[in-house]
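Peer 1: Here you go, this is work12.txt (compact mmCIF, C-alpha atoms).
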```txt
# COMPACT_ATOMS: atom_id res chain seq x y z
CA MET A 535 43.17 -35.30 -95.10
CA VAL A 536 43.72 -33.00 -98.08
CA ILE A 537 45.89 -34.23 -100.95
CA ALA A 538 47.42 -31.62 -103.24
CA ALA A 539 47.21 -33.26 -106.66
CA ASP A 540 46.44 -30.02 -108.47
CA GLY A 541 49.51 -29.82 -110.66
CA ALA A 542 52.20 -27.28 -111.42
CA ASN A 543 50.22 -24.29 -110.17
CA SER A 544 48.97 -25.98 -107.03
CA LYS A 545 46.89 -23.80 -104.74
CA ILE A 546 47.52 -26.18 -101.84
CA ARG A 547 51.30 -26.48 -102.04
CA PRO A 548 51.93 -23.05 -100.39
CA TYR A 549 50.22 -24.35 -97.26
CA ILE A 550 52.86 -27.11 -97.11
CA THR A 551 56.04 -25.28 -98.14
CA PRO A 552 57.10 -21.81 -99.35
CA VAL A 553 59.61 -23.37 -101.77
CA LYS A 554 58.78 -22.36 -105.35
CA ALA A 555 59.73 -23.74 -108.75
CA PHE A 556 62.40 -21.97 -110.78
CA TYR A 557 62.24 -21.22 -114.51
CA SER A 558 64.25 -23.74 -116.54
CA GLY A 559 65.08 -21.36 -119.40
CA ILE A 560 62.91 -23.17 -121.96
CA THR A 561 59.44 -22.25 -123.20
CA ILE A 562 57.39 -24.62 -125.30
CA VAL A 563 54.50 -23.83 -127.63
CA GLU A 564 51.85 -26.55 -127.68
CA GLY A 565 49.45 -27.38 -130.49
CA ALA A 566 47.19 -30.28 -131.51
CA VAL A 567 45.94 -31.78 -134.75
CA HIS A 568 42.69 -33.76 -134.69
CA HIS A 569 42.17 -36.67 -137.10
CA SER A 570 45.84 -36.53 -138.03
CA GLU A 571 45.60 -39.31 -140.63
CA THR A 572 43.58 -37.03 -142.92
CA ALA A 573 44.51 -33.58 -141.60
CA SER A 574 48.26 -34.13 -141.44
CA PRO A 575 49.01 -37.26 -143.52
CA ASN A 576 52.76 -36.77 -143.92
CA ILE A 577 53.41 -36.30 -140.21
CA HIS A 578 50.93 -39.08 -139.40
CA LYS A 579 52.93 -41.46 -141.60
CA LEU A 580 56.22 -40.41 -140.00
CA LEU A 581 54.77 -40.93 -136.52
CA ASN A 582 53.46 -44.42 -137.28
CA GLY A 583 51.58 -44.39 -134.00
CA GLY A 584 54.61 -43.38 -131.95
CA LYS A 585 56.61 -40.27 -131.13
CA ILE A 586 59.00 -37.96 -132.97
CA PHE A 587 61.73 -36.03 -131.19
CA ALA A 588 63.38 -33.61 -133.63
CA MET A 589 66.25 -31.47 -132.37
CA GLY A 590 68.89 -29.10 -133.62
CA ASP A 591 70.02 -25.47 -133.53
CA GLU A 592 69.41 -25.48 -129.74
CA LYS A 593 65.71 -26.12 -130.39
CA SER A 594 63.39 -29.10 -130.30
CA LEU A 595 60.07 -30.30 -131.69
CA ILE A 596 58.25 -33.18 -130.00
CA ILE A 597 55.25 -34.86 -131.62
CA SER A 598 53.15 -37.61 -130.02
CA SER A 599 50.34 -39.80 -131.33
CA LYS A 600 47.18 -40.10 -129.25
CA GLY A 601 44.78 -43.02 -128.98
CA ASP A 602 41.88 -40.98 -130.36
CA GLY A 603 43.60 -40.41 -133.71
CA SER A 604 44.91 -36.95 -132.86
CA LEU A 605 48.44 -35.79 -132.25
CA VAL A 606 49.98 -33.15 -130.03
CA PHE A 607 53.21 -31.27 -130.62
CA TYR A 608 55.51 -29.02 -128.64
CA THR A 609 58.23 -26.71 -129.78
CA GLY A 610 61.07 -25.99 -127.36
CA CYS A 611 63.26 -22.87 -127.42
CA LYS A 612 65.50 -20.89 -125.12
CA LYS A 613 63.46 -17.85 -124.15
CA ASP A 614 63.18 -15.37 -121.30
CA GLU A 615 60.67 -16.33 -118.66
CA LEU A 616 58.14 -13.68 -119.71
CA TRP A 617 58.67 -14.12 -123.46
CA SER A 618 55.18 -15.48 -124.12
CA ARG A 619 53.63 -12.36 -122.59
CA GLU A 620 56.00 -9.83 -124.07
CA CYS A 621 56.70 -11.21 -127.58
CA GLY A 622 53.57 -9.66 -129.09
CA ILE A 623 52.40 -12.92 -130.67
CA ASP A 624 48.70 -13.70 -130.52
CA PHE A 625 48.79 -17.46 -129.97
CA SER A 626 45.16 -17.75 -131.03
CA ASP A 627 46.15 -16.45 -134.46
CA LYS A 628 47.47 -19.36 -136.53
CA ALA A 629 49.11 -17.09 -139.11
CA GLN A 630 51.14 -15.31 -136.45
CA VAL A 631 52.32 -18.58 -134.93
CA ILE A 632 53.29 -19.97 -138.34
CA ALA A 633 55.24 -16.80 -139.11
CA TRP A 634 57.02 -17.12 -135.76
CA PHE A 635 57.90 -20.78 -136.39
CA LYS A 636 59.38 -20.00 -139.81
CA GLU A 637 61.50 -17.24 -138.32
CA GLU A 638 62.49 -19.20 -135.20
CA TYR A 639 63.30 -22.47 -137.02
CA PRO A 640 65.12 -21.40 -140.19
CA GLY A 641 66.50 -24.29 -142.19
CA TRP A 642 64.05 -26.83 -140.75
CA ASP A 643 62.17 -28.87 -143.32
CA ASN A 644 58.81 -27.55 -144.49
CA VAL A 645 57.19 -30.85 -143.52
CA TRP A 646 56.86 -29.53 -139.98
CA LEU A 647 54.65 -26.67 -141.18
CA GLU A 648 51.93 -29.25 -141.75
CA LEU A 649 51.50 -29.37 -137.97
CA PHE A 650 50.93 -25.66 -137.56
CA GLU A 651 48.78 -25.27 -140.66
CA ASN A 652 46.37 -27.99 -139.49
CA ALA A 653 46.31 -27.36 -135.76
CA GLU A 654 42.70 -27.10 -134.62
CA THR A 655 43.10 -25.71 -131.14
CA GLN A 656 44.63 -22.51 -129.84
CA PHE A 657 48.39 -22.69 -129.42
CA VAL A 658 49.46 -22.58 -125.78
CA PRO A 659 52.85 -21.21 -124.69
CA ARG A 660 54.15 -23.02 -121.61
CA PRO A 661 57.25 -21.75 -119.77
CA GLN A 662 58.93 -24.79 -118.20
CA TYR A 663 59.59 -24.83 -114.47
CA CYS A 664 61.36 -27.20 -112.09
CA MET A 665 61.31 -27.68 -108.32
CA PRO A 666 64.66 -27.38 -106.51
CA PHE A 667 66.26 -30.77 -105.86
CA ASP A 668 67.05 -29.88 -102.24
CA GLN A 669 63.50 -28.92 -101.37
CA ASN A 670 62.15 -30.12 -98.05
CA TRP A 671 59.23 -29.40 -95.79
CA GLU A 672 57.86 -30.21 -92.38
CA THR A 673 55.37 -33.06 -92.21
CA ILE A 674 51.76 -32.01 -91.73
CA PRO A 675 49.47 -34.80 -90.42
CA ASN A 676 46.43 -33.95 -92.56
CA LEU A 677 47.97 -32.41 -95.67
CA THR A 678 50.27 -33.84 -98.35
CA MET A 679 50.97 -33.53 -102.08
CA LEU A 680 51.91 -35.64 -105.07
CA GLY A 681 52.73 -35.38 -108.77
CA ASP A 682 53.70 -32.04 -110.28
CA ALA A 683 52.51 -30.24 -107.16
CA ALA A 684 55.34 -31.98 -105.33
CA HIS A 685 58.11 -32.46 -107.90
CA LEU A 686 57.46 -30.45 -111.06
CA MET A 687 60.06 -30.93 -113.80
CA PRO A 688 60.46 -30.17 -117.52
CA PRO A 689 59.29 -33.00 -119.83
CA TYR A 690 62.73 -34.25 -120.84
CA ALA A 691 63.02 -37.40 -118.74
CA GLY A 692 59.67 -38.97 -119.61
CA GLU A 693 59.10 -39.74 -115.95
CA GLY A 694 56.71 -37.06 -114.67
CA VAL A 695 53.53 -39.11 -115.07
CA ASN A 696 55.26 -42.27 -113.83
CA MET A 697 56.40 -40.55 -110.66
CA ALA A 698 52.93 -39.12 -110.05
CA MET A 699 51.37 -42.57 -110.40
CA LEU A 700 53.92 -44.02 -107.99
CA ASP A 701 53.14 -41.23 -105.52
CA ALA A 702 49.45 -42.11 -105.71
CA LEU A 703 50.15 -45.83 -105.30
CA GLU A 704 52.31 -45.31 -102.22
CA LEU A 705 49.79 -43.01 -100.62
CA SER A 706 46.84 -45.29 -101.44
CA LYS A 707 48.60 -48.21 -99.74
CA GLN A 708 48.82 -46.18 -96.57
CA LEU A 709 45.23 -44.95 -96.74
CA CYS A 710 43.94 -48.48 -97.38
CA ASN A 711 45.93 -49.89 -94.48
CA PRO A 712 43.41 -50.81 -91.72
CA ASN A 713 45.99 -49.80 -89.15
CA PHE A 714 46.51 -46.37 -90.71
CA LEU A 715 45.96 -43.37 -88.47
CA ILE A 716 45.69 -39.80 -89.67
CA SER A 717 48.54 -39.00 -87.34
CA ASP A 718 50.65 -41.76 -88.88
CA LEU A 719 53.39 -40.04 -90.84
CA ARG A 720 54.31 -43.05 -92.96
CA TYR A 721 52.21 -41.75 -95.85
CA GLN A 722 54.86 -39.06 -96.32
CA LEU A 723 56.99 -41.49 -98.33
CA MET A 724 56.72 -39.24 -101.37
CA LYS A 725 57.98 -36.33 -99.32
CA ASN A 726 61.13 -38.29 -98.58
CA ARG A 727 61.60 -39.12 -102.26
CA CYS A 728 61.19 -35.50 -103.31
CA SER A 729 63.59 -34.15 -100.71
CA LYS A 730 66.27 -36.63 -101.79
CA GLY A 731 66.03 -35.58 -105.45
CA PRO A 732 65.86 -38.99 -107.19
CA LEU A 733 67.84 -39.76 -110.32
CA LYS A 734 64.77 -39.72 -112.58
CA TRP A 735 63.88 -36.27 -111.34
CA ARG A 736 67.40 -34.97 -111.91
CA LEU A 737 67.53 -36.49 -115.39
CA SER A 738 65.02 -33.99 -116.75
CA PRO A 739 67.08 -30.77 -116.44
CA TRP A 740 70.25 -32.73 -117.25
CA ASN A 741 68.70 -33.93 -120.52
CA GLN A 742 67.44 -30.42 -121.17
CA ARG A 743 70.96 -29.04 -120.99
CA LEU A 744 72.13 -31.61 -123.51
CA LEU A 745 69.22 -31.03 -125.87
CA TYR A 746 69.68 -27.30 -126.01
CA THR A 747 73.45 -27.10 -126.29
CA PRO A 748 75.19 -26.21 -129.57
CA LYS A 749 77.03 -29.55 -129.27
CA MET A 750 73.79 -31.51 -129.08
CA PRO A 751 74.43 -33.69 -132.19
CA PHE A 752 77.71 -34.81 -130.58
CA TYR A 753 75.94 -36.00 -127.44
CA PHE A 754 73.18 -37.79 -129.30
```
Please express the file's structure as C-alpha cells.
Peer 2:
Amino acid sequence: MVIAADGANSKIRPYITPVKAFYSGITIVEGAVHHSETASPNIHKLLNGGKIFAMGDEKSLIISSKGDGSLVFYTGCKKDELWSRECGIDFSDKAQVIAWFKEEYPGWDNVWLELFENAETQFVPRPQYCMPFDQNWETIPNLTMLGDAAHLMPPYAGEGVNMAMLDALELSKQLCNPNFLISDLRYQLMKNRCSKGPLKWRLSPWNQRLLYTPKMPFYF
C-alpha cells in the first residue's frame, strides 16, 4: 500500500483525486534567525520562548521560538497568487526584502526589522492554499493519503500538524491490526474526515478572513 504523506505538492494525490487546492488570497514570506538570543536579542526577549502574533493594517507577522535556539517568522499579506514570481523581488537578497517590508508595513515598529536584518537563510515566499471542504474521492484499496496531501489549509487554526498526526495514528491502528486486510477499507477513516470538512479544518480560512479584515482589531 502506498501512503501519500508528501505534503502540499503531493505527487501521489492526483492518482487518488483530481480535486486541487485553491489559492487563499494570502502569501507569506518566511525567514529564520539562528541563535536568536545573540543575533536578535530584542525579539528573543519579547518571545520569551513562545510565539508572537502581530496583526494590523490587514497584515500579520508570526514569530515562533524553536528548541534549537533559533526562531522562524512569517509575514502575511493579501497578494495575487503569482505575486512572488512577478513582483521583481529577489528573495535571496536581504536588502531587497528589507526594503519591501518597510514599504509594505508602514507604521509598524522598527523592532521588527531586527528579524529581517539578522535572518541567516534565504527568504521563502509561500502562497497559501486550501483544499475545498466538499472534496471527496473514491476509495482505492492500496492507496491513501494523510496530512497536507489530504487536507491542506492555511496556518491560521494551528491544527495542521495535529490533524496530520491523528491521520497517521488512525491509519497505523488499522495497519497494526492483525485482522487487517489490504482490501479492508476501514483505513479510509481520514478520507471520511476530510470529505466532511471538520470544524478545525474550516477554522483556518475563517480565522484568515478575520485576521485580514480592516475591522480586525474589533474582532480581536
Peer 1: I'd like the interatomic distance between CA of Met535 in chain A and CA of Pro689 in chain A, to a tenth of an Å.
Peer 2: 29.6 Å
Peer 1: Using all atoms listed in the file, find each residue of range 561-583 of chain A with at least one atom at most 10 Å away from an atom of range 611-635 of chain A; report its shortest atom-to-atom pair and that distance in Å (one decimal), sort the rows by chain and rising residue number, and return the result as a Markdown table.
Peer 2:
```
| residue | atom | partner | partner_atom | distance |
| --- | --- | --- | --- | --- |
| A:Thr561 | CA | A:Cys611 | CA | 5.7 |
| A:Ile562 | CA | A:Cys611 | CA | 6.5 |
| A:Val563 | CA | A:Cys611 | CA | 8.8 |
| A:Glu564 | CA | A:Phe625 | CA | 9.9 |
| A:Gly565 | CA | A:Phe625 | CA | 10.0 |
```
Peer 1: What would the file look like if the residues just selected were written as an mmCIF file, in the frame of the given file with C-alpha atoms?
Peer 2:
```cif
data_model
loop_
_atom_site.group_PDB
_atom_site.id
_atom_site.type_symbol
_atom_site.label_atom_id
_atom_site.label_comp_id
_atom_site.auth_asym_id
_atom_site.auth_seq_id
_atom_site.Cartn_x
_atom_site.Cartn_y
_atom_site.Cartn_z
ATOM 1 C CA THR A 561 59.440 -22.250 -123.200
ATOM 2 C CA ILE A 562 57.390 -24.620 -125.300
ATOM 3 C CA VAL A 563 54.500 -23.830 -127.630
ATOM 4 C CA GLU A 564 51.850 -26.550 -127.680
ATOM 5 C CA GLY A 565 49.450 -27.380 -130.490
#
```
Peer 1: Interatomic distance between CA of Tyr746 in chain A and CA of Leu580 in chain A?
Peer 2: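 Spanning CA of Tyr746 in chain A to CA of Leu580 in chain A is a straight-line distance of 23.4 Å.
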Peer 1: Calculate how many Å separate CA of Val658 in chain A from CA of Glu571 in chain A, rounding to one decimal.
Peer 2: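 According to the coordinates, CA of Val658 in chain A and CA of Glu571 in chain A are separated by 22.7 Å.
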Peer 1: Measuring between all atoms listed in the file, which one of A:Ala566, A:Ala691, A:Leu686, A:Leu581 shows the shortest distance to Val606 in chain A?
Peer 2: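 Closest candidate: A:Ala566.
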Peer 1: Once you count only C-alpha atoms, which residues end up no further than 10 Å from (53.9, -24.8, -100.1) in the file's frame, shown as a list in words?
Peer 2: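 So the residues meeting the distance criterion are Ala538, Ser544, Lys545, Ile546, Arg547, Pro548, Tyr549, Ile550, Thr551, Pro552, Val553, Lys554, Trp671, Thr678, Met679, Ala683 and Ala684 of chain A.
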